[in-house]
4 protein chains.
Amino acid sequence: MVKRNKPKYKQIIEAAVIVIAENGYHQAQVSKIARQAGVADGTIYLYFKNKEDILISLFQEKMGEFITKIEAEIEGIESASEKLFMLIETHLSLLAADHQLAIVTQLELRQSNKELRVKINEVLKKYLEVIDLILRTGMEKGEFSKELDIRLTRQMIFGTLDEIVTSWVMSEHKYDLVALAKNVHHFLMNGCCVPVSKTYQ
Amino acid sequence: MVKRNKPKYKQIIEAAVIVIAENGYHQAQVSKIARQAGVADGTIYLYFKNKEDILISLFQEKMGEFITKIEAEIEGIESASEKLFMLIETHLSLLAADHQLAIVTQLELRQSNKELRVKINEVLKKYLEVIDLILRTGMEKGEFSKELDIRLTRQMIFGTLDEIVTSWVMSEHKYDLVALAKNVHHFLMNGCCVPVSKTYQ
Amino acid sequence: MVKRNKPKYKQIIEAAVIVIAENGYHQAQVSKIARQAGVADGTIYLYFKNKEDILISLFQEKMGEFITKIEAEIEGIESASEKLFMLIETHLSLLAADHQLAIVTQLELRQSNKELRVKINEVLKKYLEVIDLILRTGMEKGEFSKELDIRLTRQMIFGTLDEIVTSWVMSEHKYDLVALAKNVHHFLMNGCCVPVSKTYQ
Amino acid sequence: MVKRNKPKYKQIIEAAVIVIAENGYHQAQVSKIARQAGVADGTIYLYFKNKEDILISLFQEKMGEFITKIEAEIEGIESASEKLFMLIETHLSLLAADHQLAIVTQLELRQSNKELRVKINEVLKKYLEVIDLILRTGMEKGEFSKELDIRLTRQMIFGTLDEIVTSWVMSEHKYDLVALAKNVHHFLMNGCCVPVSKTYQ
DNA sequence: GATGAATGAGTTTTCATTCAT
DNA sequence: AATGAATGAAAACTCATTCAT
């Protein structure tokens with residue numbers, strides 16, 4: 001049985017989310033996480049190589065669930081545009097539903113050192129590939145412009161979503177994040193210019 | 001004469017940019033910055049209240065120049081769309097032209113604690129207001145959709161630019177950042193959908 | 001088991017006495033105390049909140065023993081005058097027997113900041129209460145003048161003893177401190193005037 | 001003209017008294033004293049060798065005045081006992097009349113390092129000699145017991161006075177210090193025992 | 001497997017003093 | 001005589017990680 005499936009593994013990760021959300025990245029000492037998890041400091045090191053490993057594992061676990069859920073949601077959908085809408089809505093819903101996780105991923109984990117963020121980016125790649133797939137599908141189906149620069153478009157979609165969620169977290173969740181999905185989708189599909197075609201309709 | 005205008009003030013800030021870019025945020029000790037600036041450790045504290053104050057001042061100075069230059073570029077332009085293009089191109093140009101500054105603002109300063117980042121965000125607001133102004137102008141002139149949610153659109157534009165520059169920095173400046181301006185502008189104006197109107201024209 | 005009873009607690013306090021006596025208050029760095037105690041610097045902070053806490057605890061422990069011993073010595077004695085003599089002799093004996101402690105309490109700890117000295121004074125209060133008790137007993141028994149101002153008399157007795165010990169420490173323990181007890185007691189009982197009564201004897 | 005007589009010399013010493021009384025010994029930086037004195041930091045060093053020299057000079061000047069005044073008060077007095085009373089009363093009066101000076105000499109200057117306190121003790125010697133002289137006079141005149149140990153008695157008198165004033169300063173001058181003179185004198189003359197002789201009178 | 005006491009490296013900041021003007 | 005900008009040495013404390021039990 002691998003460590004990943006033992007109860008204390010998840011227990012420690014959940015404790016880390018809570019401790020980081022409540023105390024901030026720099027005040028999330030290993031001993032605090034251990035206390036929150038109800039284990040001894042040393043026990044942490046039976047499940048994780050070091051502190052950084054807790055954070056990477058946290059991100060992997062949470063991002064894994066995140067991607068799985070999004071893929072499940074968009075699976076049966078035909079239209080690329082609708083797939084994109086569902087990705088946006090699920091992205092916003094999942095983070096709106098878990099304030100602590102949102103704080104940890106949008107604010108706190110970004111304070112980690114460059115090394116850790118490189119590893120986080122590797123985990124993120126899987127999510128970016130989901131976006132890429134939607135884009136390629138849309139281009140093949142003629143829904144999206146054939147001239148899209150995939151990498152650039154993916155960066156813009158991800159950057160857009162990320163900034164929106166971060167702003168929402170920094171505003172202390174004052175407004176309804178999910179309600180923005182429709183507008184976000186419309187912007188990503190049509191930009192901010194006046195829809196010329198419609199004026200001729 | 002205020003400290004801000006004394007030569008050592010700027011000298012220390014330039015030293016901080018170099019030291020942070022080369023060593024990373026967490027390895028940028030005050031003594032290293034002092035050595036780079038060619039002053040004694042204690043001299044730093046004649047110009048800055050504490051280490052955090054160096055970083056905030058750095059961001060204020062650089063962001064101030066950044067905004068001033070962008071405002072100068074877009075000033076005489078009539079069309080909001082062209083203003084937006086110029087903002088994008090200048091944003092990318094300025095950071096492409098100063099690799100060290102790009103590393104510091106896109107990667108290193110984000111590792112700072114929440115307190116510092118809150119202060120950084122206050123400085124950022126002035127830039128976001130420039131974007132807002134372009135959006136409002138464009139809406140009034142009929143160039144941009146009248147239904148734009150200003151806050152949301154501004155977040156998407158800034159999030160897009162920020163993610164593009166960050167990706168470019170993390171790729172270690174492997175490609176031409178400024179060359180992306182045209183595509184970015186097109187995406188922000190038209191989104192990723194097939195330009196329906198044009199097919200009917 | 002509370003920290004106070006763990007062996008390292010006392011070990012660190014004894015180390016602090018030695019280091020302060022040998023190096024002086026301002027040269028008694030935490031790392032020096034740790035080295036003398038045979039523990040790591042960090043271990044100090046498992047037993048003491050901060051450096052000041054070491055010094056307060058040192059004073060509390062030593063003053064606690066001091067008072068306990070004096071109370072034990074004077075307990076069975078009937079006469080208030082003899083109680084006072086025993087207090088004087090024990091006070092001088094205990095400090096004469098521990099040169100290092102005498103240096104620390106008479107000279108070095110007085111260099112501490114006001115905050116620490118306020119806390120030291122709180123500990124001292126318990127000793128002053130022992131003096132008060134002797135004075136009240138003596139007044140009730142008719143041994144001491146009924147017109148004594150308790151607070152003032154206590155201050156004079158303590159001030160006398162303190163100055164004598166301090167002078168002895170500053171003289172670098174050149175003479176026999178305990179031998180002074182008899183004269184000190186006589187002075188405190190009779191003052192410096194000619195014993196009028198005796199002239200009539 | 002020696003420095004001692006130049007106006008800035010006294011000006012700096014007065015500034016030091018004020019700054020130390022208001023801020024405490026450890027918060028009395030040279031630059032603060034300079035500002036209070038209305039001179040530049042560097043000017044201090046035209047009048048004093050170093051910071052310690054300010055403090056020693058302060059003590060010398062103030063103690064000099066102190067001794068001069070006390071000597072003037074006791075000069076014409078015949079009786080040693082009355083001389084002693086006048087010394088006590090003047091000692092208490094002078095410090096009661098200058099709260100700032102009392103704080104500085106009783107509390108703040110004692111935080112200085114051992115080296116400085118050794119020099120302070122040298123200045124104190126002159127005062128102790130005044131006490132010694134009274135004692136010797138009294139012994140010669142038959143007012144004081146012929147068996148007095150001069151050094152010890154002087155220590156007890158000084159220790160008594162010092163402790164009384166220190167207690168008063170620490171109580172934040174809550175009671176009338178000078179009013180205690182009579183009782184203090186009576187105690188120093190007769191001790192705390194019941195005046196046996198008088199009962200026979 | 002679990003514990004938790006012990007370790008020790010590493011950095012910001014203050015402030016007395018100097019000296020060119 | 002007076003200035004005040006510049007200097008640079010020095011120390012408390014935290015916390016990730018280990019390892020004997």
# chains A, B, ... in the order shown; residues from 1 in each chain; ligands from 1

$ residues_around --residues "Lys69 (chain B)" --least-positions-apart "3" --cutoff "12 Å" --atoms "only C-alpha atoms (C1' of nucleotides)" --output "ChimeraX atom specification"
/B:62-66,72-75,86-87,89-91,93-94,127,130

$ write_last_selection --atoms "N, CA, C and O atoms" --output "mmCIF file, in the first residue's frame"
data_model
loop_
_atom_site.group_PDB
_atom_site.id
_atom_site.type_symbol
_atom_site.label_atom_id
_atom_site.label_comp_id
_atom_site.auth_asym_id
_atom_site.auth_seq_id
_atom_site.Cartn_x
_atom_site.Cartn_y
_atom_site.Cartn_z
ATOM 1 N N LYS B 62 9.515 51.799 -10.191
ATOM 2 C CA LYS B 62 9.484 51.131 -11.490
ATOM 3 C C LYS B 62 8.089 51.170 -12.094
ATOM 4 O O LYS B 62 7.918 51.367 -13.305
ATOM 5 N N MET B 63 7.094 50.951 -11.255
ATOM 6 C CA MET B 63 5.723 50.964 -11.760
ATOM 7 C C MET B 63 5.336 52.372 -12.181
ATOM 8 O O MET B 63 4.617 52.554 -13.159
ATOM 9 N N GLY B 64 5.843 53.359 -11.428
ATOM 10 C CA GLY B 64 5.589 54.745 -11.786
ATOM 11 C C GLY B 64 6.109 55.057 -13.181
ATOM 12 O O GLY B 64 5.384 55.578 -14.032
ATOM 13 N N GLU B 65 7.365 54.687 -13.427
ATOM 14 C CA GLU B 65 7.950 54.898 -14.762
ATOM 15 C C GLU B 65 7.149 54.153 -15.817
ATOM 16 O O GLU B 65 6.865 54.669 -16.909
ATOM 17 N N PHE B 66 6.807 52.923 -15.479
ATOM 18 C CA PHE B 66 6.056 52.048 -16.387
ATOM 19 C C PHE B 66 4.760 52.736 -16.826
ATOM 20 O O PHE B 66 4.472 52.886 -18.022
ATOM 21 N N ALA B 72 2.197 58.066 -21.850
ATOM 22 C CA ALA B 72 2.769 58.918 -22.899
ATOM 23 C C ALA B 72 2.513 58.320 -24.276
ATOM 24 O O ALA B 72 2.175 59.029 -25.236
ATOM 25 N N GLU B 73 2.630 57.001 -24.372
ATOM 26 C CA GLU B 73 2.467 56.340 -25.677
ATOM 27 C C GLU B 73 1.035 56.413 -26.188
ATOM 28 O O GLU B 73 0.790 56.518 -27.395
ATOM 29 N N ILE B 74 0.078 56.256 -25.266
ATOM 30 C CA ILE B 74 -1.315 56.171 -25.726
ATOM 31 C C ILE B 74 -1.991 57.533 -25.775
ATOM 32 O O ILE B 74 -3.121 57.645 -26.252
ATOM 33 N N GLU B 75 -1.247 58.558 -25.339
ATOM 34 C CA GLU B 75 -1.913 59.842 -25.150
ATOM 35 C C GLU B 75 -2.580 60.399 -26.416
ATOM 36 O O GLU B 75 -3.769 60.695 -26.432
ATOM 37 N N MET B 86 -1.514 49.791 -28.222
ATOM 38 C CA MET B 86 -0.282 50.453 -27.777
ATOM 39 C C MET B 86 0.047 50.086 -26.343
ATOM 40 O O MET B 86 1.212 49.898 -25.996
ATOM 41 N N LEU B 87 -0.987 49.982 -25.502
ATOM 42 C CA LEU B 87 -0.760 49.576 -24.107
ATOM 43 C C LEU B 87 -0.141 48.180 -24.070
ATOM 44 O O LEU B 87 0.838 47.932 -23.354
ATOM 45 N N GLU B 89 1.491 46.602 -26.488
ATOM 46 C CA GLU B 89 2.834 46.578 -27.054
ATOM 47 C C GLU B 89 3.846 47.228 -26.107
ATOM 48 O O GLU B 89 4.949 46.711 -25.917
ATOM 49 N N THR B 90 3.445 48.336 -25.502
ATOM 50 C CA THR B 90 4.377 49.006 -24.591
ATOM 51 C C THR B 90 4.627 48.160 -23.350
ATOM 52 O O THR B 90 5.765 48.030 -22.881
ATOM 53 N N HIS B 91 3.564 47.577 -22.818
ATOM 54 C CA HIS B 91 3.697 46.691 -21.657
ATOM 55 C C HIS B 91 4.730 45.601 -21.965
ATOM 56 O O HIS B 91 5.680 45.390 -21.213
ATOM 57 N N SER B 93 6.938 45.503 -24.462
ATOM 58 C CA SER B 93 8.242 46.068 -24.831
ATOM 59 C C SER B 93 9.063 46.433 -23.603
ATOM 60 O O SER B 93 10.255 46.112 -23.510
ATOM 61 N N LEU B 94 8.403 47.118 -22.691
ATOM 62 C CA LEU B 94 9.144 47.609 -21.522
ATOM 63 C C LEU B 94 9.722 46.453 -20.707
ATOM 64 O O LEU B 94 10.859 46.515 -20.241
ATOM 65 N N TYR B 127 -2.234 51.423 -12.560
ATOM 66 C CA TYR B 127 -2.144 50.842 -13.899
ATOM 67 C C TYR B 127 -3.519 50.337 -14.334
ATOM 68 O O TYR B 127 -3.947 50.548 -15.478
ATOM 69 N N VAL B 130 -5.606 52.942 -15.766
ATOM 70 C CA VAL B 130 -5.319 53.294 -17.162
ATOM 71 C C VAL B 130 -6.105 52.370 -18.090
ATOM 72 O O VAL B 130 -6.701 52.811 -19.077
#

$ closest_atom_pairs --of "chain F" --to "chain A" --cutoff "10 Å" --atoms "only C-alpha atoms (C1' of nucleotides)" --output "JSON lines"
{"residue": "F:DC15", "atom": "C1'", "partner": "A:Gln29", "partner_atom": "CA", "distance": 7.2}
{"residue": "F:DA16", "atom": "C1'", "partner": "A:Val30", "partner_atom": "CA", "distance": 7.4}
{"residue": "F:DT17", "atom": "C1'", "partner": "A:Asn50", "partner_atom": "CA", "distance": 8.1}
{"residue": "F:DT18", "atom": "C1'", "partner": "A:Gly42", "partner_atom": "CA", "distance": 8.5}
{"residue": "F:DC19", "atom": "C1'", "partner": "A:Gly42", "partner_atom": "CA", "distance": 9.7}

$ write_last_selection --atoms "all heavy atoms" --output "mmCIF file, in the first residue's frame"
data_model
loop_
_atom_site.group_PDB
_atom_site.id
_atom_site.type_symbol
_atom_site.label_atom_id
_atom_site.label_comp_id
_atom_site.auth_asym_id
_atom_site.auth_seq_id
_atom_site.Cartn_x
_atom_site.Cartn_y
_atom_site.Cartn_z
ATOM 1 P P DC F 15 9.083 30.508 12.995
ATOM 2 O OP1 DC F 15 8.288 31.282 12.039
ATOM 3 O OP2 DC F 15 8.516 30.085 14.288
ATOM 4 O "O5'" DC F 15 9.627 29.207 12.266
ATOM 5 C "C5'" DC F 15 10.742 29.315 11.389
ATOM 6 C "C4'" DC F 15 11.280 27.922 11.111
ATOM 7 O "O4'" DC F 15 12.321 27.614 12.054
ATOM 8 C "C3'" DC F 15 10.235 26.806 11.268
ATOM 9 O "O3'" DC F 15 10.516 25.835 10.285
ATOM 10 C "C2'" DC F 15 10.532 26.251 12.641
ATOM 11 C "C1'" DC F 15 12.043 26.359 12.648
ATOM 12 N N1 DC F 15 12.688 26.366 13.988
ATOM 13 C C2 DC F 15 14.048 26.044 14.088
ATOM 14 O O2 DC F 15 14.663 25.768 13.060
ATOM 15 N N3 DC F 15 14.632 26.040 15.311
ATOM 16 C C4 DC F 15 13.911 26.344 16.384
ATOM 17 N N4 DC F 15 14.524 26.339 17.561
ATOM 18 C C5 DC F 15 12.524 26.684 16.299
ATOM 19 C C6 DC F 15 11.955 26.687 15.089
ATOM 20 P P DA F 16 9.284 25.152 9.506
ATOM 21 O OP1 DA F 16 8.615 26.202 8.726
ATOM 22 O OP2 DA F 16 8.505 24.332 10.445
ATOM 23 O "O5'" DA F 16 10.045 24.181 8.505
ATOM 24 C "C5'" DA F 16 11.069 24.706 7.669
ATOM 25 C "C4'" DA F 16 12.226 23.724 7.566
ATOM 26 O "O4'" DA F 16 12.910 23.655 8.843
ATOM 27 C "C3'" DA F 16 11.848 22.288 7.222
ATOM 28 O "O3'" DA F 16 12.881 21.746 6.401
ATOM 29 C "C2'" DA F 16 11.770 21.591 8.576
ATOM 30 C "C1'" DA F 16 12.850 22.324 9.369
ATOM 31 N N9 DA F 16 12.593 22.477 10.796
ATOM 32 C C8 DA F 16 11.425 22.857 11.389
ATOM 33 N N7 DA F 16 11.496 22.941 12.707
ATOM 34 C C5 DA F 16 12.797 22.600 12.982
ATOM 35 C C6 DA F 16 13.509 22.496 14.200
ATOM 36 N N6 DA F 16 12.972 22.750 15.401
ATOM 37 N N1 DA F 16 14.799 22.128 14.136
ATOM 38 C C2 DA F 16 15.345 21.891 12.935
ATOM 39 N N3 DA F 16 14.782 21.949 11.721
ATOM 40 C C4 DA F 16 13.499 22.315 11.823
ATOM 41 P P DT F 17 12.724 20.310 5.802
ATOM 42 O OP1 DT F 17 13.508 20.332 4.553
ATOM 43 O OP2 DT F 17 11.295 19.925 5.783
ATOM 44 O "O5'" DT F 17 13.481 19.379 6.840
ATOM 45 C "C5'" DT F 17 14.879 19.599 7.053
ATOM 46 C "C4'" DT F 17 15.368 18.735 8.198
ATOM 47 O "O4'" DT F 17 14.834 19.216 9.451
ATOM 48 C "C3'" DT F 17 15.005 17.248 8.131
ATOM 49 O "O3'" DT F 17 16.214 16.517 8.050
ATOM 50 C "C2'" DT F 17 14.255 16.973 9.420
ATOM 51 C "C1'" DT F 17 14.724 18.109 10.310
ATOM 52 N N1 DT F 17 13.811 18.494 11.406
ATOM 53 C C2 DT F 17 14.302 18.497 12.680
ATOM 54 O O2 DT F 17 15.452 18.190 12.956
ATOM 55 N N3 DT F 17 13.402 18.866 13.648
ATOM 56 C C4 DT F 17 12.083 19.235 13.456
ATOM 57 O O4 DT F 17 11.375 19.548 14.402
ATOM 58 C C5 DT F 17 11.625 19.213 12.083
ATOM 59 C C7 DT F 17 10.223 19.586 11.770
ATOM 60 C C6 DT F 17 12.499 18.844 11.146
ATOM 61 P P DT F 18 16.225 14.937 7.913
ATOM 62 O OP1 DT F 18 17.176 14.688 6.833
ATOM 63 O OP2 DT F 18 14.844 14.411 7.878
ATOM 64 O "O5'" DT F 18 16.892 14.461 9.294
ATOM 65 C "C5'" DT F 18 17.895 15.259 9.884
ATOM 66 C "C4'" DT F 18 18.212 14.747 11.277
ATOM 67 O "O4'" DT F 18 17.211 15.233 12.217
ATOM 68 C "C3'" DT F 18 18.224 13.231 11.423
ATOM 69 O "O3'" DT F 18 19.336 12.894 12.228
ATOM 70 C "C2'" DT F 18 16.905 12.915 12.132
ATOM 71 C "C1'" DT F 18 16.725 14.147 12.985
ATOM 72 N N1 DT F 18 15.329 14.500 13.341
ATOM 73 C C2 DT F 18 15.067 14.890 14.625
ATOM 74 O O2 DT F 18 15.921 14.930 15.494
ATOM 75 N N3 DT F 18 13.753 15.235 14.868
ATOM 76 C C4 DT F 18 12.710 15.231 13.960
ATOM 77 O O4 DT F 18 11.586 15.569 14.296
ATOM 78 C C5 DT F 18 13.058 14.811 12.625
ATOM 79 C C7 DT F 18 12.001 14.773 11.575
ATOM 80 C C6 DT F 18 14.328 14.475 12.383
ATOM 81 P P DC F 19 20.010 11.448 12.095
ATOM 82 O OP1 DC F 19 21.443 11.719 11.912
ATOM 83 O OP2 DC F 19 19.257 10.622 11.115
ATOM 84 O "O5'" DC F 19 19.781 10.790 13.526
ATOM 85 C "C5'" DC F 19 19.783 11.597 14.710
ATOM 86 C "C4'" DC F 19 19.116 10.826 15.832
ATOM 87 O "O4'" DC F 19 17.721 11.226 15.925
ATOM 88 C "C3'" DC F 19 19.086 9.302 15.643
ATOM 89 O "O3'" DC F 19 19.133 8.699 16.936
ATOM 90 C "C2'" DC F 19 17.728 9.059 15.032
ATOM 91 C "C1'" DC F 19 16.906 10.077 15.832
ATOM 92 N N1 DC F 19 15.632 10.480 15.191
ATOM 93 C C2 DC F 19 14.672 11.145 15.972
ATOM 94 O O2 DC F 19 14.929 11.372 17.160
ATOM 95 N N3 DC F 19 13.506 11.510 15.393
ATOM 96 C C4 DC F 19 13.291 11.243 14.108
ATOM 97 N N4 DC F 19 12.130 11.632 13.589
ATOM 98 C C5 DC F 19 14.258 10.576 13.302
ATOM 99 C C6 DC F 19 15.407 10.221 13.880
#

$ closest_residue --among "E:DA20, E:DA9, E:DC15, E:DA2" --to "chain C" --atoms "only C-alpha atoms (C1' of nucleotides)"
E:DA9

$ interface_residues --of "chain E" --to "chain D" --cutoff "12 Å" --atoms "only C-alpha atoms (C1' of nucleotides)" --output "list of chain:residue names"
E:DT14, E:DC15, E:DA16, E:DT17, E:DT18, E:DC19

$ residues_around --residues "Met170 (chain C)" --least-positions-apart "3" --cutoff "10 Å" --atoms "only C-alpha atoms (C1' of nucleotides)" --output "MDAnalysis selection string"
(chainID C and resid 103 106:107 164:167 173:174) or (chainID D and resid 114 118 121)

$ select_by_dssp --residues "region 90-195 of chain D" --states "helix (DSSP H, G or I)" --output "PDB file with C-alpha atoms, in the first residue's frame"
ATOM      1  CA  THR D  90      19.506  68.216  52.099  1.00  0.00           C
ATOM      2  CA  HIS D  91      20.149  64.909  50.329  1.00  0.00           C
ATOM      3  CA  LEU D  92      16.415  64.224  50.204  1.00  0.00           C
ATOM      4  CA  SER D  93      15.490  67.833  49.377  1.00  0.00           C
ATOM      5  CA  LEU D  94      17.868  68.183  46.488  1.00  0.00           C
ATOM      6  CA  LEU D  95      16.636  65.010  44.811  1.00  0.00           C
ATOM      7  CA  ALA D  96      12.994  65.683  45.633  1.00  0.00           C
ATOM      8  CA  HIS D  99      12.682  64.662  39.594  1.00  0.00           C
ATOM      9  CA  GLN D 100      14.554  64.292  36.323  1.00  0.00           C
ATOM     10  CA  LEU D 101      17.916  64.211  38.045  1.00  0.00           C
ATOM     11  CA  ALA D 102      16.586  61.717  40.599  1.00  0.00           C
ATOM     12  CA  ILE D 103      15.414  59.379  37.847  1.00  0.00           C
ATOM     13  CA  VAL D 104      18.747  59.660  36.077  1.00  0.00           C
ATOM     14  CA  THR D 105      20.972  59.040  39.097  1.00  0.00           C
ATOM     15  CA  GLN D 106      18.833  56.500  40.951  1.00  0.00           C
ATOM     16  CA  LEU D 107      17.587  54.409  38.063  1.00  0.00           C
ATOM     17  CA  GLU D 108      18.987  55.116  34.653  1.00  0.00           C
ATOM     18  CA  LEU D 109      22.714  55.599  35.199  1.00  0.00           C
ATOM     19  CA  ARG D 110      22.805  52.319  37.152  1.00  0.00           C
ATOM     20  CA  GLN D 111      22.156  50.514  33.900  1.00  0.00           C
ATOM     21  CA  LYS D 114      30.594  48.172  35.082  1.00  0.00           C
ATOM     22  CA  GLU D 115      33.373  50.383  33.745  1.00  0.00           C
ATOM     23  CA  LEU D 116      31.222  53.503  33.918  1.00  0.00           C
ATOM     24  CA  ARG D 117      29.954  52.591  37.349  1.00  0.00           C
ATOM     25  CA  VAL D 118      33.495  52.301  38.632  1.00  0.00           C
ATOM     26  CA  LYS D 119      34.078  55.888  37.521  1.00  0.00           C
ATOM     27  CA  ILE D 120      30.812  56.963  39.089  1.00  0.00           C
ATOM     28  CA  ASN D 121      31.961  55.423  42.340  1.00  0.00           C
ATOM     29  CA  GLU D 122      35.090  57.525  42.240  1.00  0.00           C
ATOM     30  CA  VAL D 123      32.927  60.618  42.114  1.00  0.00           C
ATOM     31  CA  LEU D 124      30.764  59.242  44.905  1.00  0.00           C
ATOM     32  CA  LYS D 125      33.830  58.915  47.109  1.00  0.00           C
ATOM     33  CA  LYS D 126      33.826  62.644  47.724  1.00  0.00           C
ATOM     34  CA  TYR D 127      30.336  62.405  49.117  1.00  0.00           C
ATOM     35  CA  LEU D 128      31.250  59.425  51.242  1.00  0.00           C
ATOM     36  CA  GLU D 129      34.104  61.462  52.645  1.00  0.00           C
ATOM     37  CA  VAL D 130      31.659  64.093  53.805  1.00  0.00           C
ATOM     38  CA  ILE D 131      29.792  61.391  55.681  1.00  0.00           C
ATOM     39  CA  ASP D 132      33.052  60.050  57.087  1.00  0.00           C
ATOM     40  CA  LEU D 133      33.957  63.490  58.353  1.00  0.00           C
ATOM     41  CA  ILE D 134      30.672  63.842  60.213  1.00  0.00           C
ATOM     42  CA  LEU D 135      31.174  60.409  61.728  1.00  0.00           C
ATOM     43  CA  ARG D 136      34.714  61.147  62.872  1.00  0.00           C
ATOM     44  CA  THR D 137      33.656  64.513  64.276  1.00  0.00           C
ATOM     45  CA  GLY D 138      30.809  62.873  66.169  1.00  0.00           C
ATOM     46  CA  MET D 139      33.071  60.184  67.561  1.00  0.00           C
ATOM     47  CA  GLU D 140      35.608  62.726  68.671  1.00  0.00           C
ATOM     48  CA  ILE D 150      33.637  54.072  60.004  1.00  0.00           C
ATOM     49  CA  ARG D 151      33.562  52.310  56.640  1.00  0.00           C
ATOM     50  CA  LEU D 152      30.681  50.114  57.659  1.00  0.00           C
ATOM     51  CA  THR D 153      28.689  52.936  59.206  1.00  0.00           C
ATOM     52  CA  ARG D 154      29.211  55.135  56.185  1.00  0.00           C
ATOM     53  CA  GLN D 155      28.019  52.293  53.919  1.00  0.00           C
ATOM     54  CA  MET D 156      24.949  51.828  56.048  1.00  0.00           C
ATOM     55  CA  ILE D 157      24.087  55.530  56.050  1.00  0.00           C
ATOM     56  CA  PHE D 158      24.606  55.869  52.336  1.00  0.00           C
ATOM     57  CA  GLY D 159      22.803  52.587  51.626  1.00  0.00           C
ATOM     58  CA  THR D 160      19.869  53.710  53.697  1.00  0.00           C
ATOM     59  CA  LEU D 161      19.548  57.069  51.970  1.00  0.00           C
ATOM     60  CA  ASP D 162      20.066  55.587  48.546  1.00  0.00           C
ATOM     61  CA  GLU D 163      17.444  52.906  49.008  1.00  0.00           C
ATOM     62  CA  ILE D 164      14.927  55.394  50.350  1.00  0.00           C
ATOM     63  CA  VAL D 165      15.354  57.715  47.393  1.00  0.00           C
ATOM     64  CA  THR D 166      15.296  54.861  44.886  1.00  0.00           C
ATOM     65  CA  SER D 167      12.089  53.483  46.385  1.00  0.00           C
ATOM     66  CA  TRP D 168      10.580  56.939  46.188  1.00  0.00           C
ATOM     67  CA  VAL D 169      11.574  57.350  42.530  1.00  0.00           C
ATOM     68  CA  MET D 170      10.211  53.892  41.673  1.00  0.00           C
ATOM     69  CA  VAL D 178      11.681  65.314  52.593  1.00  0.00           C
ATOM     70  CA  ALA D 179       9.168  64.611  55.358  1.00  0.00           C
ATOM     71  CA  LEU D 180      10.997  61.339  55.988  1.00  0.00           C
ATOM     72  CA  ALA D 181      14.199  63.115  57.054  1.00  0.00           C
ATOM     73  CA  LYS D 182      13.316  63.234  60.720  1.00  0.00           C
ATOM     74  CA  ASN D 183      12.538  59.533  60.975  1.00  0.00           C
ATOM     75  CA  VAL D 184      15.582  58.597  58.950  1.00  0.00           C
ATOM     76  CA  HIS D 185      17.793  60.620  61.224  1.00  0.00           C
ATOM     77  CA  HIS D 186      16.237  59.103  64.309  1.00  0.00           C
ATOM     78  CA  PHE D 187      16.752  55.596  62.947  1.00  0.00           C
ATOM     79  CA  LEU D 188      20.354  56.242  62.001  1.00  0.00           C
ATOM     80  CA  MET D 189      21.004  57.670  65.449  1.00  0.00           C
ATOM     81  CA  ASN D 190      19.070  55.203  67.567  1.00  0.00           C
TER      82      ASN D 190
END

$ atom_distance --atom1 "CA of Phe144 (chain A)" --atom2 "CA of Phe144 (chain B)"
20.8 Å

$ closest_residue --among "B:Asn113, B:Glu172, B:Ala28, B:Lys141" --to "chain A" --atoms "only C-alpha atoms"
B:Asn113

$ residues_around --residues "region 1-6 of chain F" --least-positions-apart "6" --cutoff "7 Å" --atoms "only C-alpha atoms (C1' of nucleotides)" --output "list in words"
Thr43 of chain B; Ala40, Gly42 and Thr43 of chain D

$ write_last_selection --atoms "all heavy atoms" --output "mmCIF file, in the first residue's frame"
data_model
loop_
_atom_site.group_PDB
_atom_site.id
_atom_site.type_symbol
_atom_site.label_atom_id
_atom_site.label_comp_id
_atom_site.auth_asym_id
_atom_site.auth_seq_id
_atom_site.Cartn_x
_atom_site.Cartn_y
_atom_site.Cartn_z
ATOM 1 N N THR B 43 23.967 52.593 5.601
ATOM 2 C CA THR B 43 23.532 53.678 4.712
ATOM 3 C C THR B 43 22.156 53.396 4.129
ATOM 4 O O THR B 43 21.354 54.310 3.926
ATOM 5 C CB THR B 43 24.557 53.860 3.584
ATOM 6 O OG1 THR B 43 25.829 54.069 4.182
ATOM 7 C CG2 THR B 43 24.205 55.043 2.704
ATOM 8 N N ALA D 40 24.616 69.813 16.410
ATOM 9 C CA ALA D 40 24.780 68.664 15.518
ATOM 10 C C ALA D 40 25.453 67.519 16.263
ATOM 11 O O ALA D 40 26.157 67.748 17.254
ATOM 12 C CB ALA D 40 25.624 69.054 14.318
ATOM 13 N N GLY D 42 27.973 65.754 15.597
ATOM 14 C CA GLY D 42 29.421 65.880 15.638
ATOM 15 C C GLY D 42 29.910 66.874 16.683
ATOM 16 O O GLY D 42 31.001 66.721 17.234
ATOM 17 N N THR D 43 29.073 67.861 16.947
ATOM 18 C CA THR D 43 29.457 68.902 17.917
ATOM 19 C C THR D 43 29.675 68.316 19.314
ATOM 20 O O THR D 43 30.544 68.774 20.062
ATOM 21 C CB THR D 43 28.374 69.996 17.964
ATOM 22 O OG1 THR D 43 28.172 70.469 16.631
ATOM 23 C CG2 THR D 43 28.788 71.147 18.859
#
